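One file, target_3.tsv, carrying TSV, C-alpha atoms:
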```tsv
chain	number	residue	atom	x	y	z
A	1	MET	CA	-109.26	-37.71	-159.93
A	2	GLN	CA	-107.64	-40.14	-157.52
A	3	SER	CA	-105.80	-37.33	-155.72
A	4	LYS	CA	-109.05	-35.36	-155.48
A	5	GLU	CA	-110.78	-38.44	-154.06
A	6	LEU	CA	-107.96	-39.03	-151.57
A	7	MET	CA	-108.11	-35.41	-150.44
A	8	TYR	CA	-111.89	-35.70	-150.06
A	9	SER	CA	-111.44	-38.94	-148.16
A	10	MET	CA	-108.90	-37.57	-145.72
A	11	THR	CA	-110.50	-34.22	-145.01
A	12	CYS	CA	-114.16	-35.16	-144.98
A	13	ALA	CA	-114.28	-38.75	-143.78
A	14	SER	CA	-115.19	-37.92	-140.23
A	15	SER	CA	-117.86	-35.41	-141.25
A	16	VAL	CA	-119.27	-37.16	-144.31
A	17	SER	CA	-122.96	-37.91	-144.20
A	18	LEU	CA	-124.47	-41.23	-145.13
A	19	ARG	CA	-126.25	-39.56	-148.04
A	20	GLU	CA	-123.01	-38.09	-149.39
A	21	MET	CA	-121.25	-41.42	-149.12
A	22	MET	CA	-124.08	-43.21	-150.91
A	23	GLU	CA	-124.36	-40.60	-153.66
A	24	THR	CA	-120.60	-40.52	-154.28
A	25	TYR	CA	-119.77	-44.21	-154.01
A	26	GLY	CA	-123.12	-46.01	-154.30
A	27	PRO	CA	-122.76	-47.07	-157.95
A	28	ASP	CA	-119.21	-48.38	-157.37
A	29	VAL	CA	-120.24	-50.38	-154.30
A	30	TRP	CA	-123.35	-51.78	-156.01
A	31	ASN	CA	-121.48	-52.77	-159.19
A	32	TYR	CA	-118.76	-54.51	-157.21
A	33	ALA	CA	-121.33	-56.32	-155.05
A	34	PHE	CA	-123.18	-57.39	-158.19
A	35	PHE	CA	-120.10	-58.84	-159.81
A	36	LEU	CA	-119.17	-60.69	-156.63
A	37	THR	CA	-122.64	-62.19	-156.16
A	38	ARG	CA	-124.09	-62.22	-159.69
A	39	SER	CA	-127.42	-61.11	-158.24
A	40	ARG	CA	-129.15	-57.74	-158.31
A	41	GLU	CA	-131.07	-58.52	-155.13
A	42	GLN	CA	-127.93	-59.55	-153.28
A	43	ALA	CA	-126.08	-56.48	-154.57
A	44	ASN	CA	-128.89	-54.27	-153.22
A	45	ASP	CA	-128.76	-55.95	-149.81
A	46	ILE	CA	-124.97	-55.86	-149.63
A	47	SER	CA	-124.83	-52.20	-150.70
A	48	GLN	CA	-127.22	-51.18	-147.96
A	49	GLU	CA	-125.30	-53.17	-145.38
A	50	VAL	CA	-121.96	-51.73	-146.54
A	51	PHE	CA	-123.08	-48.15	-146.13
A	52	LEU	CA	-124.58	-48.81	-142.73
A	53	LYS	CA	-121.38	-50.51	-141.58
A	54	ALA	CA	-119.26	-47.72	-143.02
A	55	TYR	CA	-121.35	-44.97	-141.45
A	56	LYS	CA	-121.27	-46.66	-138.06
A	57	SER	CA	-117.51	-47.13	-138.19
A	58	ILE	CA	-116.42	-43.99	-140.07
A	59	GLY	CA	-114.43	-42.99	-137.00
A	60	LYS	CA	-112.23	-46.05	-137.53
A	61	TYR	CA	-111.34	-44.93	-141.05
A	62	ARG	CA	-107.64	-44.03	-140.85
A	63	GLY	CA	-107.11	-42.57	-144.31
A	64	GLN	CA	-104.50	-45.17	-145.28
A	65	SER	CA	-106.47	-45.75	-148.47
A	66	THR	CA	-109.10	-43.77	-150.30
A	67	LEU	CA	-112.63	-43.83	-148.95
A	68	LYS	CA	-113.64	-45.69	-152.12
A	69	THR	CA	-111.08	-48.44	-151.49
A	70	TRP	CA	-112.21	-48.70	-147.87
A	71	LEU	CA	-115.85	-49.07	-148.96
A	72	LEU	CA	-114.94	-51.67	-151.58
A	73	THR	CA	-113.07	-53.63	-148.92
A	74	ILE	CA	-116.18	-53.60	-146.73
A	75	THR	CA	-118.21	-54.67	-149.78
A	76	ARG	CA	-115.87	-57.58	-150.45
A	77	ASN	CA	-115.91	-58.76	-146.84
A	78	THR	CA	-119.70	-58.47	-146.64
A	79	ALA	CA	-120.18	-60.41	-149.86
A	80	PHE	CA	-117.81	-63.15	-148.73
A	81	SER	CA	-119.60	-63.40	-145.39
A	82	LEU	CA	-122.88	-63.75	-147.22
A	83	ARG	CA	-121.41	-66.40	-149.48
A	84	LYS	CA	-120.44	-68.46	-146.45
A	85	SER	CA	-123.92	-68.34	-144.98
A	86	SER	CA	-126.36	-71.18	-145.51
A	87	PHE	CA	-128.68	-68.84	-147.40
A	88	TRP	CA	-126.01	-68.24	-150.03
A	89	ARG	CA	-125.48	-71.97	-150.56
A	90	ARG	CA	-129.20	-72.38	-151.29
A	91	PHE	CA	-129.45	-69.28	-153.50
A	92	THR	CA	-129.16	-69.67	-157.27
A	93	PRO	CA	-128.16	-66.44	-159.00
A	94	LEU	CA	-130.32	-65.44	-161.93
A	95	GLY	CA	-128.95	-64.19	-165.21
A	96	SER	CA	-128.95	-60.51	-165.91
A	97	HIS	CA	-130.44	-58.48	-168.70
A	98	GLN	CA	-129.04	-55.07	-169.55
A	99	ASP	CA	-130.93	-52.45	-171.44
A	100	GLN	CA	-128.72	-50.35	-173.66
A	101	GLY	CA	-129.72	-47.63	-176.01
A	102	GLY	CA	-127.94	-46.35	-179.07
A	103	THR	CA	-128.20	-45.04	-182.57
A	104	LEU	CA	-127.29	-48.32	-184.21
A	105	SER	CA	-129.76	-50.30	-186.23
A	106	ALA	CA	-131.81	-52.82	-184.28
A	107	GLU	CA	-129.82	-55.66	-185.83
A	108	GLN	CA	-126.43	-54.07	-185.05
A	109	GLU	CA	-127.53	-53.28	-181.52
A	110	ALA	CA	-128.77	-56.83	-180.96
A	111	ILE	CA	-125.50	-58.30	-182.25
A	112	GLY	CA	-123.46	-55.87	-180.15
A	113	ASN	CA	-125.50	-56.64	-177.04
A	114	GLN	CA	-125.20	-60.36	-177.65
A	115	TYR	CA	-121.42	-60.04	-178.02
A	116	ALA	CA	-121.05	-57.87	-174.89
A	117	ASN	CA	-123.34	-60.14	-172.88
A	118	ARG	CA	-121.35	-63.20	-173.92
A	119	ILE	CA	-118.08	-61.56	-172.91
A	120	TRP	CA	-119.54	-60.72	-169.49
A	121	GLU	CA	-120.81	-64.30	-169.21
A	122	ILE	CA	-117.26	-65.51	-169.89
A	123	ILE	CA	-115.93	-63.14	-167.23
A	124	MET	CA	-118.57	-64.28	-164.74
A	125	GLU	CA	-117.59	-67.92	-165.36
A	126	LEU	CA	-113.97	-67.29	-164.36
A	127	PRO	CA	-112.75	-68.61	-161.02
A	128	ASP	CA	-113.43	-66.11	-158.21
A	129	LYS	CA	-109.88	-64.77	-157.91
A	130	TYR	CA	-109.70	-63.94	-161.62
A	131	ARG	CA	-113.27	-62.66	-161.96
A	132	GLU	CA	-112.93	-60.39	-158.96
A	133	ILE	CA	-109.67	-58.76	-160.01
A	134	LEU	CA	-110.81	-58.30	-163.61
A	135	VAL	CA	-114.10	-56.73	-162.55
A	136	LEU	CA	-112.33	-54.39	-160.14
A	137	ASP	CA	-109.96	-53.39	-162.92
A	138	ILE	CA	-112.70	-52.87	-165.52
A	139	GLN	CA	-115.49	-51.40	-163.41
A	140	GLN	CA	-113.69	-49.59	-160.61
A	141	ASP	CA	-110.50	-48.52	-162.41
A	142	LEU	CA	-108.34	-49.07	-159.34
A	143	SER	CA	-104.56	-48.88	-159.48
A	144	VAL	CA	-102.40	-51.94	-158.88
A	145	SER	CA	-101.52	-50.65	-155.41
A	146	GLU	CA	-105.20	-50.06	-154.58
A	147	LEU	CA	-106.09	-53.54	-155.82
A	148	SER	CA	-103.26	-54.94	-153.73
A	149	ALA	CA	-104.52	-53.17	-150.59
A	150	LEU	CA	-108.15	-54.08	-151.24
A	151	LEU	CA	-107.49	-57.76	-151.88
A	152	GLY	CA	-104.69	-58.15	-149.36
A	153	ILE	CA	-102.25	-59.58	-151.90
A	154	ALA	CA	-98.88	-58.45	-153.27
A	155	GLN	CA	-98.76	-56.08	-156.24
A	156	GLY	CA	-96.96	-58.74	-158.29
A	157	THR	CA	-99.82	-61.12	-157.59
A	158	VAL	CA	-102.30	-58.47	-158.75
A	159	LYS	CA	-100.44	-58.07	-162.04
A	160	SER	CA	-100.16	-61.82	-162.48
A	161	ARG	CA	-103.85	-62.45	-161.81
A	162	LEU	CA	-104.89	-59.62	-164.13
A	163	GLY	CA	-102.74	-61.05	-166.90
A	164	ARG	CA	-104.07	-64.56	-166.39
A	165	ALA	CA	-107.68	-63.36	-166.21
A	166	ARG	CA	-107.34	-61.40	-169.44
A	167	GLU	CA	-105.70	-64.37	-171.15
A	168	LYS	CA	-108.49	-66.70	-170.04
A	169	VAL	CA	-111.08	-64.31	-171.51
A	170	ARG	CA	-109.09	-63.97	-174.76
A	171	THR	CA	-108.77	-67.76	-175.04
A	172	ALA	CA	-112.50	-68.30	-174.43
A	173	ILE	CA	-113.38	-65.67	-177.04
A	174	LYS	CA	-111.08	-67.31	-179.61
A	175	GLU	CA	-112.48	-70.75	-178.86
A	176	GLU	CA	-116.03	-69.50	-179.44
A	177	ASP	CA	-114.92	-67.51	-182.48
A	178	LEU	CA	-116.66	-64.36	-181.25
```

Please lay out the structure from this file as structure tokens.
Amino acid sequence: MQSKELMYSMTCASSVSLREMMETYGPDVWNYAFFLTRSREQANDISQEVFLKAYKSIGKYRGQSTLKTWLLTITRNTAFSLRKSSFWRRFTPLGSHQDQGGTLSAEQEAIGNQYANRIWEIIMELPDKYREILVLDIQQDLSVSELSALLGIAQGTVKSRLGRAREKVRTAIKEEDL
């Protein structure tokens, strides 16, 4: 799928409509914005801003990375800019509640949801550099080279941070006996 996405990115970037961009990459951008900010409202605002920025500057897209990676880079920079603003310093992120359906019993589903929610809470408590790389790996399924380009760090650093982030989560889970 990555080669299909790259081909789409390179051939259609200059003629892609805002609607197409949002339909294709909207969930990825929103999820990444959410995990960076820990807020649904902020993720909504950032997502809208990202697509407007991308649409306005699509002519600057050089095809050196996939369109998805380019959009995630814009998302990251927008979220970090927001974080630096005075509004961000006064904003307290609210917890999240996820609705999940299934064929499990109510008790099994509740226990499973509690376990999954606690794991995500552990991930969200990680320092920014570990949380960000782990979320990108889990949610966006980017390669090491794409993570390296997106974050502006060496591939070895990507691997190291991923390993450390995973170990921190494993350690926290063992300590809580989940």

TODO: Work out how far atom CA of A:Arg161 is from atom CA of A:Met124, in Å to one decimal.
DONE: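 According to the coordinates, atom CA of A:Met124 and atom CA of A:Arg161 are separated by 15.1 Å.
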
- [ ] Excluding A:Val135 and residues on its chain fewer than 2 positions from it, collect all residues at most 10 Å away from it, counting only C-alpha atoms, and give them as a PyMOL selection string.
- [x] chain A and resi 31-32+35-36+120+123-124+130-133+137-141+162+165

Task: Residues within 8 Å of (-114.7, -46.0, -143.6), file coords, all atoms listed in the file, listed as a PyMOL selection string - done: chain A and resi 13+54-55+57-62+67+70-71

TODO: For stretch 145-157 of chain A, list every protein, DNA or RNA residue within 8 Å, evaluated using all atoms listed in the file, and leave out those in the same chain fewer than 2 positions away; present the list as a ChimeraX atom specification.
DONE: /A:65,69-70,72-73,133,136,142-143,159-161

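For the pair atom CA of A:Leu18 and atom CA of A:Gly63, the separation is 17.4 Å.
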
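Of the listed residues (A:Met21, A:Val169, A:Leu126, A:Val158), A:Val158 comes nearest to A:Val144; the distances count all atoms listed in the file.
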
Open item on the list: So, with only C-alpha atoms as the atoms that count, which of A:Lys168, A:Gln114, A:Tyr25, A:Pro127 lies closest to A:Thr66?
Closed with: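 The shortest atom-to-atom distance to A:Thr66 comes from A:Tyr25.
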
Open item on the list: For a test of reading the model, state the distance in Å between atom CA of A:Ala106 and atom CA of A:Asp177, rounded to one decimal.
Closed with: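 Rounded to one decimal, the two atoms are 22.5 Å apart.
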
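Using all atoms listed in the file, the shortest contact distance between A:Ala116 and any of A:Leu52, A:Asp45, A:Ile173, A:Lys129 is found at A:Ile173.
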
Open item on the list: For A:Gln42, find every residue with an atom within 9 Å (counting all atoms listed in the file), except residues of its own chain fewer than 5 positions away, and show them as number ranges by chain.
Closed with: A: 33-34, 37, 47, 79, 82, 93

Open item on the list: From the options A:Gln64, A:Thr75, A:Ser17, A:Ser105, which residue's atoms come nearest to A:Val29, counting only C-alpha atoms?
Closed with: A:Thr75

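Comparing the minimum interatomic distances between A:Glu23 and each of A:Arg40, A:Lys53, A:Arg164, A:Lys68, counting all atoms listed in the file, we find that A:Lys68 sits nearest.
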
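With only C-alpha atoms as the atoms that count, the minimum distance from A:Ile74 to the choices A:Ile119, A:Thr171, A:Trp30, A:Ser39 is reached by A:Trp30.
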